[in-house]
Amino acid sequence: MKQVRLLATTAMGLESIVADEVRNLGYDVQVENGKVLFDAPIQAIPRCNLWLRSADRVKIIVGEFEAYSFDELFENTKALPWENYISEDGQVPVSGKSVKSKLYSVPDCQAIVKKAIVDRLKRKYGLINKLTETGALFKTEVSILKDKVTLTIDTSGTGLHKRGYRVGQGEAPLKETLAAALVQLTNWKPEFPLIDPFCGSGTLLIEAALIGQNIAPGFNREFAAEDWGWIRQRHWDQAFQEAEDYAKYDQPLNIVGSDIDHRMIETSKANALEAGLGELITWKQMQVKDMSIKKPNGYIITNPPYGQRLSDKAEVEKMYRDLGEIMNQQPSWSVYTITAFDKFEQAYGKKATKKRKLFNGFIQTNYYQYFGRKE
């Protein structure tokens, strides 16, 4: 087996970002809602897990077919070459989802798929008794949409947003994958100043620093597929070596994070240290109204409080007004703010150049973009 069909799952609204990331690795893509599909050599599994900044997971598509009965689901699943992927002692937990399909009972679908896989593996491996399931993990999913079945195996293990650097977080942390996407949706380059005046636990700026120095986001963690015998160790070694070769550790950065809460500043410092970026980002405890900007052509990228509790609304509105007043004096700076506060433009005092709908977890937000005029 030289080629695999892969699927990178994404949060709604980030498909184009993930598609660009996959294309940058050299693979042709097809984009659908919440996913990016592509055919690639086996080496793509380590490379995509290491490099994709905004994808949630990388999965192998074992097969796709239509099924209108449990019999069809069983037979079509059993006909697929599961032995190409799953070892004799592999653990095969099966999860599922079904949308607008005749086969709507997810527990039944999971049980049938599991039985079909086990039957196939027992026959191929010549086993009489049940599978031991003591080896590597092959987390399988049956996904049915309008009677079309997609069967996948997850190569990532823990979701790709778990970079391995977050030792602490605030009460409403930004997912690392979304933070990376927010940076990539701007024109920021590492030579420009960057400030996050509501830095929280520092995720946005840590992701920006990783992008600025071209450090692979998965460099500091492990993946489920590392335990799979059919992906050669040399593929993983090559992928990690490539990540090391492409990193620009000596790229200077001018990145500052500030927050009103001193505990968040301590958390940000600890997270940045864990990410290996200890000296690269400056952290300051201060209010947004005390922010001073000395250089032109910079960027603000931020995820401020949303004021979703009524008691916080006036306070949040004032923060936005303060930010707007300061940035009004800095026409060469670009400002990017993600918030669910629907009167943001009013409070900020200016209509955004561009707006983009995004989901922060289950919260629908707008990403307000103000483009500066470069000096």
# chains A, B, ... in the order shown; residues from 1 in each chain; ligands from 1
>>> select_by_dssp(residues="region 3-73 of chain A", states="alpha helix (DSSP H)", output="PyMOL selection string")
chain A and resi 15-24+44-51+70-73
>>> write_last_selection(atoms="N, CA, C and O atoms", output="short mmCIF file (atom, residue, chain, number, x, y, z; two decimals), in the first residue's frame")
data_model
loop_
_atom_site.label_atom_id
_atom_site.label_comp_id
_atom_site.auth_asym_id
_atom_site.auth_seq_id
_atom_site.Cartn_x
_atom_site.Cartn_y
_atom_site.Cartn_z
N GLU A 15 -12.33 25.65 6.76
CA GLU A 15 -11.98 24.71 5.69
C GLU A 15 -10.93 25.27 4.73
O GLU A 15 -9.99 24.57 4.36
N SER A 16 -11.08 26.55 4.34
CA SER A 16 -10.16 27.12 3.34
C SER A 16 -8.75 27.25 3.91
O SER A 16 -7.76 27.08 3.19
N ILE A 17 -8.67 27.55 5.21
CA ILE A 17 -7.35 27.66 5.86
C ILE A 17 -6.65 26.30 5.87
O ILE A 17 -5.48 26.18 5.51
N VAL A 18 -7.39 25.26 6.29
CA VAL A 18 -6.82 23.91 6.35
C VAL A 18 -6.45 23.42 4.95
O VAL A 18 -5.40 22.81 4.74
N ALA A 19 -7.32 23.73 3.96
CA ALA A 19 -7.03 23.34 2.58
C ALA A 19 -5.71 23.96 2.12
O ALA A 19 -4.88 23.28 1.48
N ASP A 20 -5.47 25.22 2.45
CA ASP A 20 -4.20 25.88 2.09
C ASP A 20 -3.01 25.21 2.79
O ASP A 20 -1.95 25.03 2.19
N GLU A 21 -3.21 24.83 4.05
CA GLU A 21 -2.13 24.16 4.79
C GLU A 21 -1.76 22.84 4.12
O GLU A 21 -0.58 22.51 4.00
N VAL A 22 -2.79 22.07 3.69
CA VAL A 22 -2.54 20.78 3.04
C VAL A 22 -1.85 21.01 1.68
O VAL A 22 -0.90 20.31 1.33
N ARG A 23 -2.34 22.00 0.93
CA ARG A 23 -1.71 22.32 -0.38
C ARG A 23 -0.24 22.71 -0.19
O ARG A 23 0.60 22.34 -1.00
N ASN A 24 0.05 23.46 0.86
CA ASN A 24 1.43 23.87 1.12
C ASN A 24 2.35 22.68 1.38
O ASN A 24 3.57 22.77 1.22
N ALA A 44 2.56 11.16 4.13
CA ALA A 44 1.71 12.31 4.44
C ALA A 44 1.10 12.20 5.85
O ALA A 44 0.77 13.22 6.46
N ILE A 45 0.98 10.98 6.36
CA ILE A 45 0.36 10.82 7.70
C ILE A 45 1.23 11.49 8.77
O ILE A 45 0.74 12.35 9.51
N PRO A 46 2.53 11.17 8.85
CA PRO A 46 3.36 11.92 9.80
C PRO A 46 3.44 13.40 9.49
O PRO A 46 3.34 14.25 10.38
N ARG A 47 3.62 13.76 8.21
CA ARG A 47 3.80 15.18 7.85
C ARG A 47 2.56 16.01 8.20
O ARG A 47 2.68 17.11 8.75
N CYS A 48 1.37 15.51 7.87
CA CYS A 48 0.15 16.29 8.14
C CYS A 48 -0.11 16.42 9.64
O CYS A 48 -0.52 17.47 10.12
N ASN A 49 0.13 15.34 10.39
CA ASN A 49 -0.05 15.43 11.83
C ASN A 49 0.90 16.44 12.47
O ASN A 49 0.54 17.16 13.39
N LEU A 50 2.10 16.50 11.94
CA LEU A 50 3.09 17.44 12.48
C LEU A 50 2.80 18.89 12.10
O LEU A 50 2.99 19.79 12.90
N TRP A 51 2.35 19.11 10.84
CA TRP A 51 2.32 20.46 10.29
C TRP A 51 0.98 21.16 10.29
O TRP A 51 0.92 22.38 10.24
N PHE A 70 -29.15 -2.65 7.59
CA PHE A 70 -28.04 -3.11 8.42
C PHE A 70 -27.24 -4.20 7.71
O PHE A 70 -26.02 -4.30 7.88
N ASP A 71 -27.91 -5.01 6.89
CA ASP A 71 -27.22 -6.05 6.11
C ASP A 71 -26.21 -5.42 5.16
O ASP A 71 -25.06 -5.87 5.06
N GLU A 72 -26.66 -4.36 4.47
CA GLU A 72 -25.75 -3.68 3.53
C GLU A 72 -24.57 -3.06 4.28
O GLU A 72 -23.43 -3.10 3.81
N LEU A 73 -24.86 -2.47 5.43
CA LEU A 73 -23.80 -1.87 6.24
C LEU A 73 -22.76 -2.93 6.62
O LEU A 73 -21.56 -2.73 6.49
#
>>> residues_around(residues="Asn129 (chain A)", least_positions_apart="6", cutoff="12 Å", atoms="only C-alpha atoms", output="list in words")
Glu88, Val118, Asp119, Leu121, Lys122 and Arg123 of chain A
>>> atom_distance(atom1="CA of Lys146 (chain A)", atom2="CA of Asp56 (chain A)")
23.4 Å
>>> select_by_dssp(residues="region 16-196 of chain A", states="strand (DSSP E)", output="ChimeraX atom specification")
/A:30-32,35-41,57-66,94-99,140-145,148-154,194-196
